[in-house]
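Data file: entry03.cif. Format and content: mmCIF, C-alpha atoms and all ligand atoms.
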```
data_my_file
#
loop_
_atom_site.group_PDB
_atom_site.id
_atom_site.type_symbol
_atom_site.label_atom_id
_atom_site.label_comp_id
_atom_site.auth_asym_id
_atom_site.auth_seq_id
_atom_site.Cartn_x
_atom_site.Cartn_y
_atom_site.Cartn_z
ATOM 1 C CA MET A 1 -57.492 -53.838 17.562
ATOM 2 C CA ARG A 2 -60.469 -51.506 17.271
ATOM 3 C CA LEU A 3 -63.712 -53.443 17.729
ATOM 4 C CA CYS A 4 -66.263 -52.564 15.018
ATOM 5 C CA ASP A 5 -69.849 -53.833 14.595
ATOM 6 C CA VAL A 6 -71.249 -53.891 11.056
ATOM 7 C CA HIS A 7 -74.872 -54.633 11.985
ATOM 8 C CA CYS A 8 -76.869 -52.515 14.431
ATOM 9 C CA HIS A 9 -80.350 -51.066 13.996
ATOM 10 C CA LEU A 10 -81.298 -47.474 14.696
ATOM 11 C CA PHE A 11 -84.792 -47.764 16.130
ATOM 12 C CA SER A 12 -85.581 -44.061 16.148
ATOM 13 C CA SER A 13 -88.815 -42.335 17.134
ATOM 14 C CA ARG A 14 -89.522 -41.845 13.432
ATOM 15 C CA PHE A 15 -88.982 -45.586 12.856
ATOM 16 C CA LEU A 16 -91.576 -46.417 15.518
ATOM 17 C CA GLU A 17 -94.018 -43.867 14.051
ATOM 18 C CA LEU A 18 -93.702 -45.278 10.528
ATOM 19 C CA LEU A 19 -93.875 -48.888 11.680
ATOM 20 C CA SER A 20 -97.010 -48.310 13.771
ATOM 21 C CA GLU A 21 -98.917 -46.344 11.133
ATOM 22 C CA GLY A 22 -101.493 -49.103 10.693
ATOM 23 C CA ILE A 23 -102.170 -49.632 14.400
ATOM 24 C CA ALA A 24 -105.465 -47.965 15.278
ATOM 25 C CA ASP A 25 -105.407 -47.815 19.075
ATOM 26 C CA LEU A 26 -102.433 -45.496 19.427
ATOM 27 C CA PRO A 27 -102.535 -41.741 20.091
ATOM 28 C CA VAL A 28 -102.050 -39.390 17.133
ATOM 29 C CA THR A 29 -99.261 -37.520 18.911
ATOM 30 C CA GLY A 30 -96.575 -39.191 20.989
ATOM 31 C CA ARG A 31 -96.917 -42.447 19.069
ATOM 32 C CA ALA A 32 -93.266 -43.417 19.486
ATOM 33 C CA THR A 33 -93.559 -43.011 23.244
ATOM 34 C CA ALA A 34 -96.781 -45.019 23.304
ATOM 35 C CA VAL A 35 -95.261 -47.834 21.214
ATOM 36 C CA SER A 36 -92.161 -47.918 23.436
ATOM 37 C CA GLN A 37 -94.325 -48.210 26.549
ATOM 38 C CA ARG A 38 -96.382 -50.981 24.995
ATOM 39 C CA ILE A 39 -93.351 -53.177 24.259
ATOM 40 C CA GLY A 40 -91.193 -52.215 27.231
ATOM 41 C CA TRP A 41 -88.497 -50.314 25.369
ATOM 42 C CA THR A 42 -86.767 -47.105 26.324
ATOM 43 C CA ASP A 43 -88.464 -44.221 24.490
ATOM 44 C CA PRO A 44 -85.923 -43.303 21.762
ATOM 45 C CA GLY A 45 -86.648 -39.578 22.190
ATOM 46 C CA PRO A 46 -85.034 -36.994 19.898
ATOM 47 C CA ILE A 47 -82.503 -38.430 17.462
ATOM 48 C CA GLU A 48 -79.639 -36.492 19.076
ATOM 49 C CA ALA A 49 -80.390 -38.160 22.423
ATOM 50 C CA LEU A 50 -80.559 -41.604 20.794
ATOM 51 C CA ALA A 51 -77.261 -41.039 18.955
ATOM 52 C CA ASP A 52 -75.618 -39.980 22.223
ATOM 53 C CA ARG A 53 -77.089 -43.033 23.998
ATOM 54 C CA TRP A 54 -75.519 -45.319 21.381
ATOM 55 C CA ALA A 55 -72.155 -43.544 21.557
ATOM 56 C CA ALA A 56 -72.121 -43.894 25.360
ATOM 57 C CA GLU A 57 -73.076 -47.562 25.024
ATOM 58 C CA MET A 58 -70.175 -48.095 22.614
ATOM 59 C CA ASP A 59 -67.792 -46.424 25.077
ATOM 60 C CA ARG A 60 -69.044 -48.710 27.835
ATOM 61 C CA HIS A 61 -68.280 -51.827 25.763
ATOM 62 C CA GLY A 62 -65.152 -50.661 23.954
ATOM 63 C CA VAL A 63 -66.769 -50.561 20.510
ATOM 64 C CA ALA A 64 -64.954 -48.102 18.265
ATOM 65 C CA ARG A 65 -67.362 -47.889 15.323
ATOM 66 C CA MET A 66 -70.628 -49.375 14.153
ATOM 67 C CA ALA A 67 -72.956 -49.422 11.188
ATOM 68 C CA LEU A 68 -76.381 -48.108 12.156
ATOM 69 C CA ILE A 69 -79.276 -49.139 9.931
ATOM 70 C CA ALA A 70 -82.307 -46.910 9.394
ATOM 71 C CA SER A 71 -84.628 -49.884 9.543
ATOM 72 C CA ILE A 72 -87.701 -48.761 7.660
ATOM 73 C CA ALA A 73 -87.937 -47.014 4.297
ATOM 74 C CA GLY A 74 -88.363 -43.290 4.910
ATOM 75 C CA ASP A 75 -86.162 -43.017 8.012
ATOM 76 C CA GLU A 76 -82.926 -41.995 6.284
ATOM 77 C CA ASP A 77 -82.954 -38.565 7.927
ATOM 78 C CA SER A 78 -82.673 -40.117 11.400
ATOM 79 C CA VAL A 79 -79.540 -42.090 10.608
ATOM 80 C CA ALA A 80 -78.041 -39.160 8.704
ATOM 81 C CA ALA A 81 -78.536 -36.988 11.818
ATOM 82 C CA ALA A 82 -76.946 -39.646 14.044
ATOM 83 C CA VAL A 83 -73.923 -39.912 11.725
ATOM 84 C CA GLU A 84 -73.599 -36.141 11.587
ATOM 85 C CA ARG A 85 -73.519 -36.028 15.395
ATOM 86 C CA HIS A 86 -70.886 -38.787 15.771
ATOM 87 C CA PRO A 87 -69.151 -39.134 12.392
ATOM 88 C CA SER A 88 -66.142 -40.957 13.830
ATOM 89 C CA ARG A 89 -68.366 -43.612 15.440
ATOM 90 C CA PHE A 90 -71.265 -44.325 13.080
ATOM 91 C CA VAL A 91 -71.561 -45.432 9.470
ATOM 92 C CA GLY A 92 -75.077 -44.943 8.084
ATOM 93 C CA PHE A 93 -77.034 -47.685 6.323
ATOM 94 C CA PHE A 94 -80.701 -47.521 5.337
ATOM 95 C CA VAL A 95 -83.459 -49.886 4.245
ATOM 96 C CA PHE A 96 -84.483 -49.229 0.655
ATOM 97 C CA ASN A 97 -87.288 -50.768 -1.391
ATOM 98 C CA PRO A 98 -86.350 -51.010 -5.105
ATOM 99 C CA ALA A 99 -89.879 -52.226 -5.942
ATOM 100 C CA GLN A 100 -91.082 -48.621 -5.560
ATOM 101 C CA GLY A 101 -89.116 -47.608 -8.655
ATOM 102 C CA ASN A 102 -87.396 -44.301 -9.510
ATOM 103 C CA ILE A 103 -84.260 -45.815 -7.983
ATOM 104 C CA ALA A 104 -81.355 -43.590 -8.996
ATOM 105 C CA ALA A 105 -83.297 -40.449 -8.075
ATOM 106 C CA ARG A 106 -84.413 -41.799 -4.706
ATOM 107 C CA LEU A 107 -80.871 -42.926 -3.833
ATOM 108 C CA SER A 108 -79.145 -39.711 -4.852
ATOM 109 C CA ARG A 109 -79.943 -37.843 -1.622
ATOM 110 C CA PRO A 110 -79.066 -40.515 0.995
ATOM 111 C CA LEU A 111 -75.969 -41.702 -0.893
ATOM 112 C CA GLY A 112 -75.115 -38.163 -2.002
ATOM 113 C CA HIS A 113 -74.978 -35.242 0.378
ATOM 114 C CA GLN A 114 -76.395 -37.202 3.325
ATOM 115 C CA GLY A 115 -73.306 -39.401 3.105
ATOM 116 C CA LEU A 116 -74.910 -42.735 3.946
ATOM 117 C CA ARG A 117 -72.784 -45.701 2.931
ATOM 118 C CA GLY A 118 -74.917 -48.816 2.748
ATOM 119 C CA VAL A 119 -78.174 -49.633 0.949
ATOM 120 C CA CYS A 120 -80.054 -52.412 2.749
ATOM 121 C CA LEU A 121 -82.214 -54.745 0.685
ATOM 122 C CA PHE A 122 -84.891 -57.000 2.201
ATOM 123 C CA PRO A 123 -86.266 -58.854 -0.841
ATOM 124 C CA ALA A 124 -88.418 -61.245 1.224
ATOM 125 C CA MET A 125 -90.131 -58.272 2.876
ATOM 126 C CA HIS A 126 -90.645 -56.134 -0.225
ATOM 127 C CA GLY A 127 -91.243 -58.850 -2.805
ATOM 128 C CA TYR A 128 -88.612 -58.745 -5.554
ATOM 129 C CA ARG A 129 -85.788 -60.969 -6.730
ATOM 130 C CA LEU A 130 -82.124 -60.167 -6.159
ATOM 131 C CA ASP A 131 -81.365 -60.724 -9.864
ATOM 132 C CA ASP A 132 -84.086 -58.209 -10.792
ATOM 133 C CA GLU A 133 -83.243 -55.286 -13.078
ATOM 134 C CA ARG A 134 -84.247 -52.902 -10.239
ATOM 135 C CA VAL A 135 -81.602 -54.455 -7.989
ATOM 136 C CA ARG A 136 -79.047 -53.865 -10.732
ATOM 137 C CA GLU A 137 -80.065 -50.206 -10.649
ATOM 138 C CA VAL A 138 -79.414 -50.159 -6.897
ATOM 139 C CA PHE A 139 -75.953 -51.628 -7.491
ATOM 140 C CA ALA A 140 -75.264 -49.089 -10.224
ATOM 141 C CA ALA A 141 -76.147 -46.239 -7.847
ATOM 142 C CA ALA A 142 -74.006 -47.793 -5.095
ATOM 143 C CA ALA A 143 -71.100 -48.003 -7.551
ATOM 144 C CA THR A 144 -71.548 -44.346 -8.513
ATOM 145 C CA HIS A 145 -71.518 -43.206 -4.882
ATOM 146 C CA GLY A 146 -68.932 -45.665 -3.528
ATOM 147 C CA ALA A 147 -71.500 -47.296 -1.243
ATOM 148 C CA ALA A 148 -72.017 -50.888 -0.132
ATOM 149 C CA VAL A 149 -75.079 -53.077 -0.651
ATOM 150 C CA PHE A 150 -76.397 -55.096 2.282
ATOM 151 C CA ALA A 151 -78.736 -57.863 1.147
ATOM 152 C CA HIS A 152 -80.728 -59.878 3.653
ATOM 153 C CA CYS A 153 -81.113 -63.468 2.464
ATOM 154 C CA GLY A 154 -82.663 -66.538 4.078
ATOM 155 C CA VAL A 155 -85.028 -66.560 7.029
ATOM 156 C CA LEU A 156 -86.342 -63.196 8.139
ATOM 157 C CA SER A 157 -87.881 -62.538 11.523
ATOM 158 C CA VAL A 158 -88.560 -58.998 12.733
ATOM 159 C CA GLY A 159 -89.093 -59.141 16.491
ATOM 160 C CA ILE A 160 -90.823 -55.793 16.851
ATOM 161 C CA ARG A 161 -93.418 -56.683 14.207
ATOM 162 C CA LYS A 162 -94.338 -59.746 16.231
ATOM 163 C CA LYS A 163 -94.480 -57.754 19.471
ATOM 164 C CA LEU A 164 -96.858 -55.247 17.875
ATOM 165 C CA GLY A 165 -98.992 -57.919 16.236
ATOM 166 C CA LEU A 166 -98.081 -56.708 12.734
ATOM 167 C CA PRO A 167 -98.245 -59.343 9.980
ATOM 168 C CA SER A 168 -94.963 -60.578 8.493
ATOM 169 C CA LEU A 169 -95.961 -61.487 4.941
ATOM 170 C CA PHE A 170 -92.441 -62.397 3.855
ATOM 171 C CA ASP A 171 -91.520 -64.577 0.872
ATOM 172 C CA MET A 172 -88.294 -66.328 1.840
ATOM 173 C CA ARG A 173 -87.891 -67.833 -1.614
ATOM 174 C CA VAL A 174 -86.603 -64.563 -3.049
ATOM 175 C CA GLY A 175 -83.853 -64.201 -0.444
ATOM 176 C CA ASP A 176 -81.480 -66.398 -2.407
ATOM 177 C CA PRO A 177 -77.727 -65.673 -2.232
ATOM 178 C CA LEU A 178 -77.280 -67.285 -5.670
ATOM 179 C CA ALA A 179 -79.571 -64.679 -7.231
ATOM 180 C CA LEU A 180 -77.574 -62.029 -5.382
ATOM 181 C CA ALA A 181 -74.345 -63.456 -6.806
ATOM 182 C CA ALA A 182 -75.742 -63.090 -10.327
ATOM 183 C CA THR A 183 -76.065 -59.344 -9.719
ATOM 184 C CA ALA A 184 -72.986 -58.844 -7.521
ATOM 185 C CA ALA A 185 -70.750 -60.391 -10.190
ATOM 186 C CA ARG A 186 -71.626 -57.500 -12.514
ATOM 187 C CA PHE A 187 -70.476 -54.897 -9.979
ATOM 188 C CA PRO A 188 -67.154 -56.177 -8.628
ATOM 189 C CA ASP A 189 -66.278 -52.813 -7.046
ATOM 190 C CA VAL A 190 -69.412 -52.689 -4.876
ATOM 191 C CA PRO A 191 -68.872 -54.313 -1.469
ATOM 192 C CA VAL A 192 -71.771 -56.630 -0.668
ATOM 193 C CA ILE A 193 -72.700 -57.748 2.834
ATOM 194 C CA VAL A 194 -74.852 -60.828 3.456
ATOM 195 C CA PRO A 195 -75.986 -60.822 7.108
ATOM 196 C CA HIS A 196 -76.115 -63.828 9.431
ATOM 197 C CA PHE A 197 -73.934 -65.954 7.098
ATOM 198 C CA GLY A 198 -76.937 -66.208 4.755
ATOM 199 C CA ALA A 199 -79.478 -66.938 7.538
ATOM 200 C CA GLY A 200 -80.121 -70.551 6.599
ATOM 201 C CA PHE A 201 -78.725 -70.374 3.082
ATOM 202 C CA PHE A 202 -75.231 -70.983 4.461
ATOM 203 C CA ARG A 203 -74.138 -73.237 1.614
ATOM 204 C CA GLU A 204 -75.559 -70.838 -0.986
ATOM 205 C CA ALA A 205 -73.951 -67.854 0.745
ATOM 206 C CA LEU A 206 -70.585 -69.637 0.640
ATOM 207 C CA MET A 207 -71.118 -70.496 -3.029
ATOM 208 C CA ALA A 208 -71.991 -66.850 -3.758
ATOM 209 C CA ALA A 209 -68.919 -65.634 -1.868
ATOM 210 C CA ASP A 210 -66.772 -68.175 -3.685
ATOM 211 C CA GLN A 211 -67.945 -66.809 -7.028
ATOM 212 C CA CYS A 212 -67.914 -63.100 -6.115
ATOM 213 C CA PRO A 213 -64.863 -61.635 -4.335
ATOM 214 C CA ASN A 214 -66.972 -58.602 -3.366
ATOM 215 C CA ILE A 215 -69.429 -60.637 -1.251
ATOM 216 C CA HIS A 216 -68.842 -60.503 2.513
ATOM 217 C CA LEU A 217 -70.617 -62.472 5.227
ATOM 218 C CA ASP A 218 -71.710 -60.752 8.412
ATOM 219 C CA SER A 219 -71.659 -62.829 11.570
ATOM 220 C CA SER A 220 -74.453 -60.961 13.332
ATOM 221 C CA SER A 221 -77.135 -62.110 15.746
ATOM 222 C CA SER A 222 -77.412 -65.349 17.686
ATOM 223 C CA ASN A 223 -77.438 -67.183 14.321
ATOM 224 C CA GLY A 224 -80.566 -69.120 15.277
ATOM 225 C CA TRP A 225 -80.734 -70.343 11.663
ATOM 226 C CA MET A 226 -78.175 -73.006 12.641
ATOM 227 C CA LYS A 227 -81.139 -75.084 13.862
ATOM 228 C CA PHE A 228 -81.899 -75.830 10.213
ATOM 229 C CA HIS A 229 -78.489 -77.492 9.819
ATOM 230 C CA PRO A 230 -78.223 -80.590 12.038
ATOM 231 C CA GLY A 231 -74.958 -80.702 13.929
ATOM 232 C CA LEU A 232 -73.717 -77.290 12.876
ATOM 233 C CA THR A 233 -71.951 -75.236 15.546
ATOM 234 C CA LEU A 234 -70.938 -71.575 15.569
ATOM 235 C CA ASP A 235 -67.230 -72.424 15.548
ATOM 236 C CA GLY A 236 -67.917 -74.717 12.594
ATOM 237 C CA VAL A 237 -69.623 -71.811 10.818
ATOM 238 C CA PHE A 238 -66.640 -69.507 11.394
ATOM 239 C CA ARG A 239 -64.183 -72.203 10.298
ATOM 240 C CA GLN A 240 -66.060 -72.962 7.074
ATOM 241 C CA ALA A 241 -66.733 -69.301 6.232
ATOM 242 C CA VAL A 242 -63.047 -68.449 6.604
ATOM 243 C CA ALA A 243 -62.033 -71.559 4.657
ATOM 244 C CA VAL A 244 -64.171 -70.478 1.679
ATOM 245 C CA ALA A 245 -64.244 -66.666 1.783
ATOM 246 C CA GLY A 246 -61.112 -65.956 3.817
ATOM 247 C CA ALA A 247 -60.973 -63.950 7.048
ATOM 248 C CA SER A 248 -61.001 -60.717 5.048
ATOM 249 C CA ARG A 249 -64.627 -61.325 4.056
ATOM 250 C CA VAL A 250 -66.174 -62.297 7.373
ATOM 251 C CA VAL A 251 -67.325 -59.169 9.193
ATOM 252 C CA PHE A 252 -68.402 -59.094 12.820
ATOM 253 C CA GLY A 253 -71.862 -57.859 13.757
ATOM 254 C CA THR A 254 -74.292 -58.225 16.648
ATOM 255 C CA ASP A 255 -77.711 -57.133 15.312
ATOM 256 C CA SER A 256 -78.154 -54.874 18.359
ATOM 257 C CA SER A 257 -81.227 -52.660 18.179
ATOM 258 C CA PHE A 258 -83.137 -51.286 21.164
ATOM 259 C CA PHE A 259 -82.664 -49.979 24.688
ATOM 260 C CA PRO A 260 -82.585 -50.862 27.538
ATOM 261 C CA ARG A 261 -80.999 -54.034 26.078
ATOM 262 C CA GLY A 262 -78.385 -51.962 24.248
ATOM 263 C CA TRP A 263 -75.309 -53.432 22.639
ATOM 264 C CA GLN A 264 -75.417 -57.221 22.531
ATOM 265 C CA GLN A 265 -72.241 -58.046 24.429
ATOM 266 C CA PRO A 266 -73.207 -61.759 24.865
ATOM 267 C CA VAL A 267 -73.392 -62.117 21.071
ATOM 268 C CA TYR A 268 -69.872 -60.708 20.823
ATOM 269 C CA ALA A 269 -68.610 -63.011 23.579
ATOM 270 C CA ALA A 270 -70.101 -66.083 21.879
ATOM 271 C CA GLN A 271 -68.604 -65.173 18.502
ATOM 272 C CA GLU A 272 -65.203 -64.333 19.939
ATOM 273 C CA ALA A 273 -65.149 -67.726 21.691
ATOM 274 C CA ALA A 274 -66.340 -69.502 18.531
ATOM 275 C CA ALA A 275 -63.651 -67.847 16.407
ATOM 276 C CA ARG A 276 -61.015 -69.022 18.896
ATOM 277 C CA ASP A 277 -62.499 -72.539 19.033
ATOM 278 C CA ALA A 278 -62.421 -72.577 15.230
ATOM 279 C CA GLY A 279 -58.654 -72.226 15.496
ATOM 280 C CA LEU A 280 -58.540 -68.877 13.707
ATOM 281 C CA SER A 281 -55.296 -66.971 14.094
ATOM 282 C CA GLU A 282 -55.123 -63.698 15.983
ATOM 283 C CA GLU A 283 -54.557 -61.948 12.673
ATOM 284 C CA ASP A 284 -57.722 -63.484 11.225
ATOM 285 C CA ARG A 285 -59.727 -62.533 14.306
ATOM 286 C CA MET A 286 -58.447 -58.968 14.148
ATOM 287 C CA GLN A 287 -59.719 -58.692 10.594
ATOM 288 C CA ILE A 288 -63.117 -60.158 11.447
ATOM 289 C CA PHE A 289 -63.752 -58.096 14.587
ATOM 290 C CA GLY A 290 -62.558 -54.749 13.289
ATOM 291 C CA GLY A 291 -60.074 -54.651 10.434
ATOM 292 C CA ASN A 292 -62.503 -55.551 7.678
ATOM 293 C CA PHE A 293 -64.979 -52.884 8.793
ATOM 294 C CA GLU A 294 -62.238 -50.232 8.801
ATOM 295 C CA ARG A 295 -61.125 -51.291 5.318
ATOM 296 C CA LEU A 296 -64.684 -51.251 3.922
ATOM 297 C CA PHE A 297 -65.647 -47.981 5.638
ATOM 298 C CA PRO A 298 -62.479 -45.935 6.118
HETATM 299 ZN ZN ZN B 301 -80.655 -56.994 11.650
#
```
Can the structure in the file be given as structure tokens, please?
Ligand SMILES: [Zn+2]
Amino acid sequence: MRLCDVHCHLFSSRFLELLSEGIADLPVTGRATAVSQRIGWTDPGPIEALADRWAAEMDRHGVARMALIASIAGDEDSVAAAVERHPSRFVGFFVFNPAQGNIAARLSRPLGHQGLRGVCLFPAMHGYRLDDERVREVFAAAATHGAAVFAHCGVLSVGIRKKLGLPSLFDMRVGDPLALAATAARFPDVPVIVPHFGAGFFREALMAADQCPNIHLDSSSSNGWMKFHPGLTLDGVFRQAVAVAGASRVVFGTDSSFFPRGWQQPVYAAQEAAARDAGLSEEDRMQIFGGNFERLFP
């Protein structure tokens, strides 16, 4: 089996520059370096160096392929450059804000000649509903270009914003998998990925997946949202997700993001153990930890 990770963040120098735009006490030049020093991260450096660092990290852990997310609107060029450097290893996703309008035109470059393959929606961050007409336009563009839509539902916590003292004015109410299902049902050919099993909206994510055969659940992160469900365990989550959606629609991810931490091997180990404890067959586990990714992003 080839191990594939559907959820990793590309925290590029450009990402750090864009994210820190509102912070006054940073130098005008070398901002990414200054931000990295402030929070104890490895300076991302030029995008080629960062892409090579990720590829080496994947080699170290036996990860064949991963989805890398440009994690702030306006950083598509970074992930496109990383994919161009290692096309057999990376699939490019990017955060997109439909509330800014002009959707088809703004998506034509990243989904067109830049070859990115996943549009990432963060409704709680950008303030729109997942059954909004503008989200339908995103799905229509994804359908045109053969791309996937990644829609973050449930609780949202962005660690680097907290570290930098940036406000997180998120409205969790709009991250509803049922609203996503209303849109996803209209575009059955567009693969949809809901990270962290719905991040607290587990029941709703399962209901959405039950209604829409194109909705997939990603298993990424430590799944800290389980604290909102008394008694729930990670093996219970895997068992229930596979019971409802089938193993073909549960896709492994870690939510890895920065160096020196690198790829989150402990997250993989915990999920692999949970999938075994859930009694999933080897065939099911092979789909979850690699096969589904290869089918979605051949
Ligand atoms: Zn993430």
Closest of A:Val28, A:Val155, A:Met1, A:Ala184 to A:Trp225, counting only C-alpha atoms, is A:Val155
>> Evaluate the PyMOL selection byres (((chain A and resi 73) around 8) and not hetatm) against this structure - the residues, as a PyMOL selection string, please.
In response: chain A and resi 70-72+74-76+94-97
How about saving the chosen residues, C-alpha atoms kept, as a PDB file, keeping the file's coordinate frame?
```pdb
ATOM      1  CA  ALA A  70     -82.307 -46.910   9.394  1.00  0.00           C
ATOM      2  CA  SER A  71     -84.628 -49.884   9.543  1.00  0.00           C
ATOM      3  CA  ILE A  72     -87.701 -48.761   7.660  1.00  0.00           C
ATOM      4  CA  GLY A  74     -88.363 -43.290   4.910  1.00  0.00           C
ATOM      5  CA  ASP A  75     -86.162 -43.017   8.012  1.00  0.00           C
ATOM      6  CA  GLU A  76     -82.926 -41.995   6.284  1.00  0.00           C
ATOM      7  CA  PHE A  94     -80.701 -47.521   5.337  1.00  0.00           C
ATOM      8  CA  VAL A  95     -83.459 -49.886   4.245  1.00  0.00           C
ATOM      9  CA  PHE A  96     -84.483 -49.229   0.655  1.00  0.00           C
ATOM     10  CA  ASN A  97     -87.288 -50.768  -1.391  1.00  0.00           C
TER      11      ASN A  97
END
```
With distances taken over only C-alpha atoms, the candidate from A:Ala99, A:Ala269, A:Val6, A:Leu156 nearest A:Leu68 is A:Val6
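Using only C-alpha atoms, the smallest distance between any of A:Val250, A:Val135, A:Ala181, A:Val91 and A:Phe238 comes from A:Val250.
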Mind running chain A against ligand ZN 301 (chain B) at 12 Å and telling me each contacting residue's nearest atom pair with the distance in Å (one decimal), counting only C-alpha atoms and all ligand atoms, chain and number ascending, as a Markdown table?
```
| residue | atom | partner | partner_atom | distance |
| --- | --- | --- | --- | --- |
| A:Asp5 | CA | B:ZN301 | ZN | 11.6 |
| A:Val6 | CA | B:ZN301 | ZN | 9.9 |
| A:His7 | CA | B:ZN301 | ZN | 6.3 |
| A:Cys8 | CA | B:ZN301 | ZN | 6.5 |
| A:His9 | CA | B:ZN301 | ZN | 6.4 |
| A:Leu10 | CA | B:ZN301 | ZN | 10.0 |
| A:Phe11 | CA | B:ZN301 | ZN | 11.1 |
| A:Ala67 | CA | B:ZN301 | ZN | 10.8 |
| A:Leu68 | CA | B:ZN301 | ZN | 9.9 |
| A:Ile69 | CA | B:ZN301 | ZN | 8.2 |
| A:Ala70 | CA | B:ZN301 | ZN | 10.5 |
| A:Ser71 | CA | B:ZN301 | ZN | 8.4 |
| A:Ile72 | CA | B:ZN301 | ZN | 11.5 |
| A:Phe93 | CA | B:ZN301 | ZN | 11.3 |
| A:Phe94 | CA | B:ZN301 | ZN | 11.4 |
| A:Val95 | CA | B:ZN301 | ZN | 10.6 |
| A:Cys120 | CA | B:ZN301 | ZN | 10.0 |
| A:Leu121 | CA | B:ZN301 | ZN | 11.3 |
| A:Phe122 | CA | B:ZN301 | ZN | 10.4 |
| A:Phe150 | CA | B:ZN301 | ZN | 10.5 |
| A:Ala151 | CA | B:ZN301 | ZN | 10.7 |
| A:His152 | CA | B:ZN301 | ZN | 8.5 |
| A:Cys153 | CA | B:ZN301 | ZN | 11.2 |
| A:Val155 | CA | B:ZN301 | ZN | 11.5 |
| A:Leu156 | CA | B:ZN301 | ZN | 9.1 |
| A:Ser157 | CA | B:ZN301 | ZN | 9.1 |
| A:Val158 | CA | B:ZN301 | ZN | 8.2 |
| A:Gly159 | CA | B:ZN301 | ZN | 10.0 |
| A:Ile160 | CA | B:ZN301 | ZN | 11.5 |
| A:Ile193 | CA | B:ZN301 | ZN | 11.9 |
| A:Val194 | CA | B:ZN301 | ZN | 10.7 |
| A:Pro195 | CA | B:ZN301 | ZN | 7.6 |
| A:His196 | CA | B:ZN301 | ZN | 8.5 |
| A:Ala199 | CA | B:ZN301 | ZN | 10.8 |
| A:Asp218 | CA | B:ZN301 | ZN | 10.2 |
| A:Ser219 | CA | B:ZN301 | ZN | 10.7 |
| A:Ser220 | CA | B:ZN301 | ZN | 7.6 |
| A:Ser221 | CA | B:ZN301 | ZN | 7.4 |
| A:Ser222 | CA | B:ZN301 | ZN | 10.8 |
| A:Asn223 | CA | B:ZN301 | ZN | 11.0 |
| A:Gly253 | CA | B:ZN301 | ZN | 9.1 |
| A:Thr254 | CA | B:ZN301 | ZN | 8.2 |
| A:Asp255 | CA | B:ZN301 | ZN | 4.7 |
| A:Ser256 | CA | B:ZN301 | ZN | 7.5 |
| A:Ser257 | CA | B:ZN301 | ZN | 7.9 |
| A:Phe258 | CA | B:ZN301 | ZN | 11.4 |
```
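One distance worth recording is that between atom CA of A:Val138 and atom CA of A:Ile103, which is 6.6 Å.
Atom CA of A:Ile288 to atom CA of A:Leu130 spans 25.9 Å [interatomic distance, one decimal].
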At most 10 Å is the cut-off: for each residue in stretch 69-174 of chain A with any atom that close to an atom of stretch 30-47 of chain A, write down the nearest atom pair and the distance in Å rounded to one decimal, counting all atoms listed in the file, chain first then increasing number, as a Markdown table.
```
| residue | atom | partner | partner_atom | distance |
| --- | --- | --- | --- | --- |
| A:Asp77 | CA | A:Ile47 | CA | 9.5 |
| A:Ser78 | CA | A:Ile47 | CA | 6.3 |
| A:Val79 | CA | A:Ile47 | CA | 8.3 |
| A:Ala80 | CA | A:Ile47 | CA | 9.9 |
| A:Ala81 | CA | A:Ile47 | CA | 7.0 |
| A:Ala82 | CA | A:Ile47 | CA | 6.6 |
| A:Arg85 | CA | A:Ile47 | CA | 9.5 |
| A:Ile160 | CA | A:Ile39 | CA | 8.3 |
| A:Lys163 | CA | A:Ile39 | CA | 6.7 |
| A:Leu164 | CA | A:Ile39 | CA | 7.6 |
```
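The shortest atom-to-atom distance to A:Met58, with all atoms listed in the file taken into account, belongs to A:Arg2 out of A:Ala243, A:Arg2, A:Gly22, A:Arg136.
In this structure, atom CA of A:Met125 sits 24.6 Å away from atom CA of A:Asp25.
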Restricting to only C-alpha atoms, whichever of A:Gln114, A:Arg89, A:Ala104, A:Leu178 is closest to A:Gly62 is A:Arg89
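Of the listed residues (A:Pro87, A:Gly165, A:Gly101, A:Gly92), A:Gly165 comes nearest to A:Ile23; the distances count only C-alpha atoms.
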